[in-house]
file upload.txt (compact mmCIF, N, CA and C atoms)
# COMPACT_ATOMS: atom_id res chain seq x y z
N MET A 1 16.10 8.02 -1.95
CA MET A 1 14.80 7.36 -2.04
C MET A 1 14.33 6.98 -0.64
N ARG A 2 13.03 7.05 -0.46
CA ARG A 2 12.43 6.75 0.83
C ARG A 2 11.64 5.46 0.75
N LEU A 3 11.37 4.92 1.91
CA LEU A 3 10.54 3.71 2.02
C LEU A 3 9.10 4.11 2.35
N TYR A 4 8.17 3.45 1.70
CA TYR A 4 6.76 3.71 1.92
C TYR A 4 6.01 2.38 2.05
N GLU A 5 4.91 2.43 2.78
CA GLU A 5 4.01 1.28 2.88
C GLU A 5 2.67 1.73 2.33
N SER A 6 2.16 1.01 1.37
CA SER A 6 0.91 1.36 0.73
C SER A 6 -0.06 0.19 0.84
N VAL A 7 -1.27 0.47 1.33
CA VAL A 7 -2.32 -0.55 1.40
C VAL A 7 -3.39 -0.14 0.41
N ILE A 8 -3.77 -1.08 -0.44
CA ILE A 8 -4.72 -0.83 -1.51
C ILE A 8 -5.93 -1.74 -1.31
N ILE A 9 -7.13 -1.18 -1.46
CA ILE A 9 -8.36 -1.98 -1.39
C ILE A 9 -9.01 -1.93 -2.76
N ALA A 10 -9.16 -3.11 -3.38
CA ALA A 10 -9.80 -3.23 -4.69
C ALA A 10 -11.23 -3.73 -4.51
N ARG A 11 -12.07 -3.48 -5.50
CA ARG A 11 -13.47 -3.87 -5.44
C ARG A 11 -13.63 -5.37 -5.23
N GLN A 12 -14.75 -5.76 -4.63
CA GLN A 12 -15.00 -7.16 -4.32
C GLN A 12 -15.35 -7.99 -5.55
N ASP A 13 -15.91 -7.39 -6.58
CA ASP A 13 -16.32 -8.15 -7.75
C ASP A 13 -15.19 -8.36 -8.76
N VAL A 14 -13.99 -7.90 -8.44
CA VAL A 14 -12.82 -8.14 -9.27
C VAL A 14 -12.19 -9.45 -8.80
N SER A 15 -11.77 -10.29 -9.76
CA SER A 15 -11.18 -11.58 -9.38
C SER A 15 -9.78 -11.38 -8.81
N THR A 16 -9.29 -12.40 -8.14
CA THR A 16 -7.95 -12.35 -7.53
C THR A 16 -6.87 -12.18 -8.60
N THR A 17 -7.04 -12.84 -9.74
CA THR A 17 -6.05 -12.68 -10.81
C THR A 17 -6.05 -11.27 -11.37
N GLN A 18 -7.22 -10.65 -11.45
CA GLN A 18 -7.29 -9.26 -11.91
C GLN A 18 -6.63 -8.32 -10.90
N VAL A 19 -6.76 -8.62 -9.62
CA VAL A 19 -6.10 -7.80 -8.59
C VAL A 19 -4.59 -7.93 -8.72
N GLU A 20 -4.11 -9.15 -8.95
CA GLU A 20 -2.67 -9.37 -9.13
C GLU A 20 -2.15 -8.61 -10.36
N THR A 21 -2.92 -8.62 -11.44
CA THR A 21 -2.54 -7.88 -12.65
C THR A 21 -2.51 -6.39 -12.37
N LEU A 22 -3.49 -5.92 -11.63
CA LEU A 22 -3.56 -4.51 -11.25
C LEU A 22 -2.34 -4.09 -10.44
N ILE A 23 -1.95 -4.92 -9.48
CA ILE A 23 -0.79 -4.63 -8.65
C ILE A 23 0.49 -4.67 -9.48
N GLU A 24 0.57 -5.58 -10.44
CA GLU A 24 1.73 -5.62 -11.32
C GLU A 24 1.85 -4.34 -12.14
N GLU A 25 0.71 -3.80 -12.59
CA GLU A 25 0.73 -2.54 -13.33
C GLU A 25 1.21 -1.39 -12.44
N PHE A 26 0.74 -1.36 -11.20
CA PHE A 26 1.17 -0.31 -10.27
C PHE A 26 2.66 -0.47 -9.94
N SER A 27 3.10 -1.72 -9.79
CA SER A 27 4.51 -1.98 -9.49
C SER A 27 5.40 -1.55 -10.64
N ALA A 28 4.91 -1.70 -11.87
CA ALA A 28 5.69 -1.31 -13.05
C ALA A 28 5.96 0.19 -13.05
N ILE A 29 5.03 0.99 -12.56
CA ILE A 29 5.22 2.44 -12.48
C ILE A 29 6.41 2.76 -11.59
N ILE A 30 6.48 2.09 -10.44
CA ILE A 30 7.57 2.32 -9.49
C ILE A 30 8.90 1.87 -10.09
N GLU A 31 8.90 0.68 -10.68
CA GLU A 31 10.14 0.10 -11.19
C GLU A 31 10.69 0.85 -12.41
N LYS A 32 9.80 1.42 -13.26
CA LYS A 32 10.24 2.19 -14.42
C LYS A 32 10.99 3.45 -13.99
N ALA A 33 10.61 3.99 -12.86
CA ALA A 33 11.22 5.23 -12.37
C ALA A 33 12.48 4.95 -11.53
N GLY A 34 12.89 3.69 -11.44
CA GLY A 34 14.11 3.37 -10.69
C GLY A 34 13.86 2.94 -9.26
N GLY A 35 12.60 2.85 -8.84
CA GLY A 35 12.28 2.40 -7.49
C GLY A 35 12.21 0.89 -7.43
N SER A 36 11.85 0.37 -6.29
CA SER A 36 11.73 -1.08 -6.15
C SER A 36 10.60 -1.44 -5.19
N ILE A 37 10.07 -2.63 -5.39
CA ILE A 37 9.05 -3.18 -4.50
C ILE A 37 9.79 -4.09 -3.53
N GLN A 38 9.80 -3.72 -2.25
CA GLN A 38 10.51 -4.49 -1.24
C GLN A 38 9.72 -5.71 -0.79
N LYS A 39 8.40 -5.56 -0.69
CA LYS A 39 7.58 -6.64 -0.14
C LYS A 39 6.15 -6.48 -0.67
N LYS A 40 5.50 -7.61 -0.98
CA LYS A 40 4.11 -7.65 -1.43
C LYS A 40 3.36 -8.65 -0.59
N GLU A 41 2.20 -8.26 -0.10
CA GLU A 41 1.35 -9.20 0.64
C GLU A 41 -0.09 -9.06 0.16
N PHE A 42 -0.68 -10.17 -0.24
CA PHE A 42 -2.09 -10.20 -0.60
C PHE A 42 -2.86 -10.67 0.62
N TRP A 43 -3.64 -9.77 1.21
CA TRP A 43 -4.36 -10.09 2.42
C TRP A 43 -5.69 -10.77 2.14
N GLY A 44 -6.12 -10.78 0.90
CA GLY A 44 -7.34 -11.48 0.52
C GLY A 44 -8.59 -10.60 0.58
N LEU A 45 -9.71 -11.25 0.39
CA LEU A 45 -11.00 -10.58 0.42
C LEU A 45 -11.46 -10.47 1.86
N ARG A 46 -11.64 -9.25 2.32
CA ARG A 46 -12.01 -9.00 3.72
C ARG A 46 -13.19 -8.04 3.77
N GLY A 47 -13.93 -8.12 4.84
CA GLY A 47 -15.05 -7.21 5.04
C GLY A 47 -14.58 -5.79 5.36
N LEU A 48 -15.31 -4.81 4.87
CA LEU A 48 -15.00 -3.42 5.15
C LEU A 48 -15.73 -2.97 6.41
N ALA A 49 -15.21 -1.98 7.07
CA ALA A 49 -15.85 -1.45 8.27
C ALA A 49 -17.16 -0.74 7.92
N TYR A 50 -17.23 -0.16 6.74
CA TYR A 50 -18.44 0.51 6.26
C TYR A 50 -18.46 0.39 4.74
N ARG A 51 -19.61 0.61 4.15
CA ARG A 51 -19.74 0.50 2.69
C ARG A 51 -18.93 1.58 1.99
N ILE A 52 -18.25 1.19 0.93
CA ILE A 52 -17.54 2.13 0.08
C ILE A 52 -18.01 1.88 -1.35
N LYS A 53 -18.65 2.86 -1.95
CA LYS A 53 -19.15 2.74 -3.33
C LYS A 53 -19.98 1.47 -3.49
N LYS A 54 -20.88 1.22 -2.56
CA LYS A 54 -21.80 0.07 -2.56
C LYS A 54 -21.11 -1.28 -2.39
N ASN A 55 -19.89 -1.30 -1.92
CA ASN A 55 -19.15 -2.55 -1.68
C ASN A 55 -19.06 -2.80 -0.19
N ARG A 56 -19.29 -4.04 0.21
CA ARG A 56 -19.16 -4.44 1.61
C ARG A 56 -17.85 -5.15 1.89
N LYS A 57 -17.18 -5.62 0.83
CA LYS A 57 -15.91 -6.33 0.97
C LYS A 57 -14.92 -5.74 -0.02
N GLY A 58 -13.64 -6.08 0.18
CA GLY A 58 -12.62 -5.61 -0.74
C GLY A 58 -11.39 -6.50 -0.68
N HIS A 59 -10.65 -6.53 -1.78
CA HIS A 59 -9.38 -7.25 -1.84
C HIS A 59 -8.29 -6.33 -1.30
N TYR A 60 -7.62 -6.75 -0.24
CA TYR A 60 -6.57 -5.94 0.38
C TYR A 60 -5.20 -6.41 -0.09
N VAL A 61 -4.34 -5.42 -0.43
CA VAL A 61 -2.97 -5.70 -0.83
C VAL A 61 -2.07 -4.68 -0.14
N MET A 62 -0.95 -5.16 0.40
CA MET A 62 0.02 -4.25 1.03
C MET A 62 1.32 -4.31 0.25
N LEU A 63 1.86 -3.13 -0.09
CA LEU A 63 3.13 -3.03 -0.80
C LEU A 63 4.10 -2.21 0.03
N ASN A 64 5.31 -2.68 0.17
CA ASN A 64 6.40 -1.88 0.74
C ASN A 64 7.26 -1.47 -0.45
N ILE A 65 7.37 -0.17 -0.67
CA ILE A 65 8.07 0.32 -1.86
C ILE A 65 9.17 1.30 -1.47
N GLU A 66 10.16 1.36 -2.33
CA GLU A 66 11.25 2.32 -2.16
C GLU A 66 11.28 3.17 -3.42
N THR A 67 11.00 4.46 -3.28
CA THR A 67 10.92 5.33 -4.44
C THR A 67 11.08 6.79 -4.01
N ASP A 68 11.12 7.68 -5.00
CA ASP A 68 11.19 9.11 -4.69
C ASP A 68 9.77 9.70 -4.66
N SER A 69 9.64 10.92 -4.21
CA SER A 69 8.31 11.50 -4.00
C SER A 69 7.57 11.78 -5.31
N GLU A 70 8.29 12.13 -6.38
CA GLU A 70 7.61 12.39 -7.65
C GLU A 70 6.96 11.12 -8.20
N THR A 71 7.67 10.01 -8.11
CA THR A 71 7.13 8.73 -8.57
C THR A 71 5.96 8.30 -7.69
N LEU A 72 6.07 8.55 -6.40
CA LEU A 72 4.98 8.20 -5.48
C LEU A 72 3.73 8.99 -5.84
N ASN A 73 3.88 10.27 -6.16
CA ASN A 73 2.73 11.09 -6.55
C ASN A 73 2.07 10.54 -7.81
N GLU A 74 2.86 10.13 -8.78
CA GLU A 74 2.33 9.55 -10.01
C GLU A 74 1.64 8.22 -9.73
N PHE A 75 2.24 7.39 -8.88
CA PHE A 75 1.68 6.11 -8.44
C PHE A 75 0.30 6.32 -7.81
N GLU A 76 0.20 7.28 -6.92
CA GLU A 76 -1.08 7.56 -6.25
C GLU A 76 -2.10 8.18 -7.21
N ARG A 77 -1.64 8.99 -8.15
CA ARG A 77 -2.55 9.61 -9.12
C ARG A 77 -3.21 8.52 -9.98
N ILE A 78 -2.41 7.58 -10.44
CA ILE A 78 -2.94 6.51 -11.28
C ILE A 78 -3.86 5.59 -10.49
N MET A 79 -3.54 5.33 -9.24
CA MET A 79 -4.44 4.51 -8.40
C MET A 79 -5.76 5.22 -8.20
N GLY A 80 -5.72 6.54 -8.02
CA GLY A 80 -6.94 7.32 -7.83
C GLY A 80 -7.83 7.32 -9.07
N LEU A 81 -7.24 7.22 -10.25
CA LEU A 81 -8.01 7.20 -11.49
C LEU A 81 -8.61 5.84 -11.80
N ASN A 82 -8.05 4.78 -11.24
CA ASN A 82 -8.51 3.42 -11.53
C ASN A 82 -9.83 3.16 -10.80
N GLU A 83 -10.83 2.73 -11.55
CA GLU A 83 -12.16 2.51 -10.96
C GLU A 83 -12.24 1.24 -10.12
N ASP A 84 -11.27 0.33 -10.26
CA ASP A 84 -11.27 -0.90 -9.46
C ASP A 84 -10.70 -0.67 -8.07
N VAL A 85 -10.03 0.43 -7.83
CA VAL A 85 -9.44 0.73 -6.52
C VAL A 85 -10.46 1.54 -5.71
N LEU A 86 -10.88 0.97 -4.59
CA LEU A 86 -11.82 1.68 -3.71
C LEU A 86 -11.11 2.72 -2.86
N ARG A 87 -10.04 2.31 -2.21
CA ARG A 87 -9.27 3.20 -1.34
C ARG A 87 -7.81 2.77 -1.36
N PHE A 88 -6.94 3.71 -1.02
CA PHE A 88 -5.53 3.40 -0.82
C PHE A 88 -4.97 4.37 0.20
N MET A 89 -3.94 3.94 0.87
CA MET A 89 -3.29 4.79 1.87
C MET A 89 -1.81 4.48 1.84
N THR A 90 -1.00 5.52 1.75
CA THR A 90 0.45 5.36 1.70
C THR A 90 1.06 6.16 2.84
N ILE A 91 1.96 5.52 3.58
CA ILE A 91 2.66 6.20 4.66
C ILE A 91 4.16 5.97 4.51
N ALA A 92 4.94 6.91 5.01
CA ALA A 92 6.40 6.76 5.01
C ALA A 92 6.80 5.89 6.20
N ILE A 93 7.76 5.00 5.99
CA ILE A 93 8.24 4.13 7.06
C ILE A 93 9.75 4.24 7.16
N GLU A 94 10.29 3.83 8.29
CA GLU A 94 11.74 3.88 8.51
C GLU A 94 12.45 2.69 7.90
N GLU A 95 11.86 1.50 8.06
CA GLU A 95 12.47 0.28 7.52
C GLU A 95 11.39 -0.74 7.22
N VAL A 96 11.71 -1.67 6.34
CA VAL A 96 10.78 -2.73 5.97
C VAL A 96 10.96 -3.89 6.92
N ASP A 97 9.87 -4.33 7.51
CA ASP A 97 9.90 -5.48 8.42
C ASP A 97 9.92 -6.76 7.57
N PRO A 98 10.97 -7.58 7.68
CA PRO A 98 11.05 -8.79 6.84
C PRO A 98 10.04 -9.87 7.23
N GLU A 99 9.50 -9.80 8.42
CA GLU A 99 8.53 -10.79 8.88
C GLU A 99 7.15 -10.50 8.28
N PRO A 100 6.27 -11.50 8.22
CA PRO A 100 4.91 -11.25 7.74
C PRO A 100 4.19 -10.25 8.64
N SER A 101 3.33 -9.46 8.05
CA SER A 101 2.58 -8.47 8.82
C SER A 101 1.57 -9.17 9.73
N VAL A 102 0.95 -8.40 10.60
CA VAL A 102 -0.02 -8.95 11.54
C VAL A 102 -1.21 -9.56 10.79
N MET A 103 -1.57 -8.98 9.68
CA MET A 103 -2.71 -9.48 8.90
C MET A 103 -2.44 -10.87 8.32
N MET A 104 -1.19 -11.21 8.10
CA MET A 104 -0.84 -12.50 7.51
C MET A 104 -0.63 -13.58 8.56
N GLN A 105 -0.53 -13.21 9.81
CA GLN A 105 -0.29 -14.20 10.86
C GLN A 105 -1.58 -14.92 11.21
N VAL A 106 -1.46 -16.15 11.64
CA VAL A 106 -2.60 -16.93 12.07
C VAL A 106 -3.12 -16.33 13.37
N LYS A 107 -4.41 -16.39 13.57
CA LYS A 107 -5.03 -15.76 14.73
C LYS A 107 -4.42 -16.24 16.05
N THR A 108 -4.07 -17.52 16.15
CA THR A 108 -3.49 -18.03 17.40
C THR A 108 -2.10 -17.45 17.64
N GLU A 109 -1.36 -17.14 16.54
CA GLU A 109 -0.04 -16.53 16.70
C GLU A 109 -0.15 -15.11 17.23
N ARG A 110 -1.24 -14.43 16.85
CA ARG A 110 -1.44 -13.05 17.30
C ARG A 110 -1.87 -13.00 18.77
N GLY A 111 -2.31 -14.13 19.28
CA GLY A 111 -2.73 -14.17 20.68
C GLY A 111 -4.20 -13.86 20.85
N GLY A 112 -4.95 -13.86 19.76
CA GLY A 112 -6.37 -13.54 19.84
C GLY A 112 -7.20 -14.75 20.20
N LYS A 113 -8.37 -14.49 20.78
CA LYS A 113 -9.30 -15.56 21.09
C LYS A 113 -10.54 -15.37 20.25
N ASP A 114 -11.31 -16.41 20.11
CA ASP A 114 -12.57 -16.32 19.41
C ASP A 114 -13.54 -15.49 20.24
N ARG A 115 -14.33 -14.67 19.60
CA ARG A 115 -15.28 -13.81 20.33
C ARG A 115 -16.28 -14.63 21.12
N ARG A 116 -16.69 -15.77 20.57
CA ARG A 116 -17.64 -16.60 21.29
C ARG A 116 -17.06 -17.10 22.60
N ASP A 117 -15.76 -17.37 22.63
CA ASP A 117 -15.12 -17.80 23.86
C ASP A 117 -15.17 -16.70 24.91
N ASP A 118 -15.00 -15.44 24.48
CA ASP A 118 -15.08 -14.32 25.41
C ASP A 118 -16.46 -14.23 26.03
N ARG A 119 -17.49 -14.41 25.22
CA ARG A 119 -18.85 -14.32 25.74
C ARG A 119 -19.13 -15.45 26.71
N ARG A 120 -18.65 -16.65 26.41
CA ARG A 120 -18.84 -17.78 27.33
C ARG A 120 -18.15 -17.52 28.66
N ASP A 121 -16.93 -16.97 28.58
CA ASP A 121 -16.19 -16.66 29.80
C ASP A 121 -16.94 -15.63 30.64
N ASP A 122 -17.52 -14.61 29.98
CA ASP A 122 -18.26 -13.58 30.72
C ASP A 122 -19.48 -14.16 31.40
N ARG A 123 -20.20 -15.05 30.71
CA ARG A 123 -21.39 -15.66 31.31
C ARG A 123 -21.01 -16.53 32.50
N SER A 124 -19.95 -17.30 32.36
CA SER A 124 -19.57 -18.20 33.45
C SER A 124 -19.08 -17.40 34.67
N ARG A 125 -18.45 -16.28 34.42
CA ARG A 125 -18.00 -15.45 35.54
C ARG A 125 -19.18 -14.82 36.27
N SER A 126 -20.23 -14.45 35.51
CA SER A 126 -21.37 -13.79 36.15
C SER A 126 -22.19 -14.75 36.99
N LYS A 127 -22.04 -16.06 36.78
CA LYS A 127 -22.83 -17.04 37.53
C LYS A 127 -22.03 -17.69 38.65
N THR A 128 -20.95 -17.12 39.05
CA THR A 128 -20.17 -17.72 40.13
C THR A 128 -20.87 -17.53 41.46
N SER A 129 -20.46 -18.28 42.42
CA SER A 129 -21.11 -18.23 43.73
C SER A 129 -20.82 -16.91 44.45
N GLU A 130 -19.73 -16.25 44.10
CA GLU A 130 -19.41 -14.99 44.76
C GLU A 130 -20.38 -13.90 44.35
N ASP A 131 -20.82 -13.94 43.09
CA ASP A 131 -21.70 -12.89 42.58
C ASP A 131 -23.16 -13.17 42.89
N ALA A 132 -23.53 -14.43 43.17
CA ALA A 132 -24.91 -14.79 43.42
C ALA A 132 -25.35 -14.24 44.79
N PRO A 133 -26.60 -13.80 44.87
CA PRO A 133 -27.08 -13.29 46.16
C PRO A 133 -27.14 -14.41 47.21
N GLN A 134 -26.77 -14.08 48.41
CA GLN A 134 -26.75 -15.06 49.50
C GLN A 134 -28.06 -14.95 50.28
N ASP A 135 -28.67 -16.08 50.57
CA ASP A 135 -29.88 -16.09 51.40
C ASP A 135 -29.44 -16.12 52.87
N GLU A 136 -29.90 -15.16 53.58
CA GLU A 136 -29.54 -15.13 55.01
C GLU A 136 -30.65 -15.78 55.80
N GLU A 137 -30.29 -16.68 56.73
CA GLU A 137 -31.28 -17.35 57.56
C GLU A 137 -31.45 -16.57 58.83
N GLU A 138 -32.70 -16.45 59.25
CA GLU A 138 -32.96 -15.68 60.47
C GLU A 138 -33.29 -16.57 61.62
call {"tool": "encode", "arguments": {"input": "upload.txt", "output": "structure tokens"}}
result
Amino acid sequence: MRLYESVIIARQDVSTTQVETLIEEFSAIIEKAGGSIQKKEFWGLRGLAYRIKKNRKGHYVMLNIETDSETLNEFERIMGLNEDVLRFMTIAIEEVDPEPSVMMQVKTERGGKDRRDDRRDDRSRSKTSEDAPQDEEE
């Protein structure tokens, strides 16, 4: 059996409890075939980069699963048929990281700054005395 990481995006108008039920149904497919769910993370309702089926937001869920390829194909087939799933992507991984993913970490832990702070820094740098034109006296 191999390890896989699957990220699923569900429609925005589906409630969080419905998303959890949906993920439990998908997990049952893996577990019935002898596989296991190593890790589950609900990333919440997030904005999409572009519209998908008239949706601007989606519920993101990440699953780390251990299963064989036939079960994975069935898992993906059923996700593709479900109308509540906007997109999904599954990749093979070498090992499951026991720590929370980057999406679950607080922004300050990731080392990110607020975008507004970046703009303020850029404005203050552009108004320094080094960049300002010097008046030459004759």
call {"tool": "closest_residue", "arguments": {"input": "upload.txt", "among": "A:Thr16, A:Ile93, A:Glu70, A:Leu63", "to": "Glu41 (chain A)", "atoms": "all atoms listed in the file"}}
result
A:Leu63
call {"tool": "closest_residue", "arguments": {"input": "upload.txt", "among": "A:Lys54, A:Asp68, A:Pro100, A:Asp84", "to": "Thr21 (chain A)", "atoms": "only C-alpha atoms"}}
result
A:Asp84
call {"tool": "residues_around", "arguments": {"input": "upload.txt", "residues": "Ile29 (chain A)", "least_positions_apart": "2", "cutoff": "10 Å", "atoms": "only C-alpha atoms", "output": "number ranges by chain"}}
result
A: 24-27, 31-36, 71-72, 74-75, 78
call {"tool": "closest_residue", "arguments": {"input": "upload.txt", "among": "A:Thr90, A:Thr67, A:Asn55, A:Gln38", "to": "Val7 (chain A)", "atoms": "all atoms listed in the file"}}
result
A:Thr90
call {"tool": "closest_residue", "arguments": {"input": "upload.txt", "among": "A:Val96, A:Val19, A:Leu45, A:Ile30", "to": "Leu3 (chain A)", "atoms": "all atoms listed in the file"}}
result
A:Val96
call {"tool": "closest_residue", "arguments": {"input": "upload.txt", "among": "A:Ile65, A:Val85, A:Tyr50, A:Leu22", "to": "Ser6 (chain A)", "atoms": "only C-alpha atoms"}}
result
A:Ile65
call {"tool": "closest_residue", "arguments": {"input": "upload.txt", "among": "A:Arg11, A:Asn64, A:Gly80, A:Ser101", "to": "Lys40 (chain A)", "atoms": "all atoms listed in the file"}}
result
A:Asn64
call {"tool": "atom_distance", "arguments": {"input": "upload.txt", "atom1": "CA of Arg46 (chain A)", "atom2": "CA of Glu5 (chain A)"}}
result
19.1 Å
call {"tool": "atom_distance", "arguments": {"input": "upload.txt", "atom1": "CA of Val102 (chain A)", "atom2": "CA of Arg51 (chain A)"}}
result
23.6 Å
call {"tool": "residues_around", "arguments": {"input": "upload.txt", "residues": "Leu48 (chain A)", "least_positions_apart": "3", "cutoff": "6.5 Å", "atoms": "all atoms listed in the file", "output": "list in words"}}
result
Arg51, Arg56, Lys57 and Gly58 of chain A
call {"tool": "residues_around", "arguments": {"input": "upload.txt", "residues": "Ile9 (chain A)", "least_positions_apart": "5", "cutoff": "7 Å", "atoms": "only C-alpha atoms", "output": "list in words"}}
result
Gly58, His59, Tyr60, Val61, Val85, Leu86, Arg87 and Phe88 of chain A
call {"tool": "atom_distance", "arguments": {"input": "upload.txt", "atom1": "CA of Arg2 (chain A)", "atom2": "CA of Ile91 (chain A)"}}
result
10.5 Å
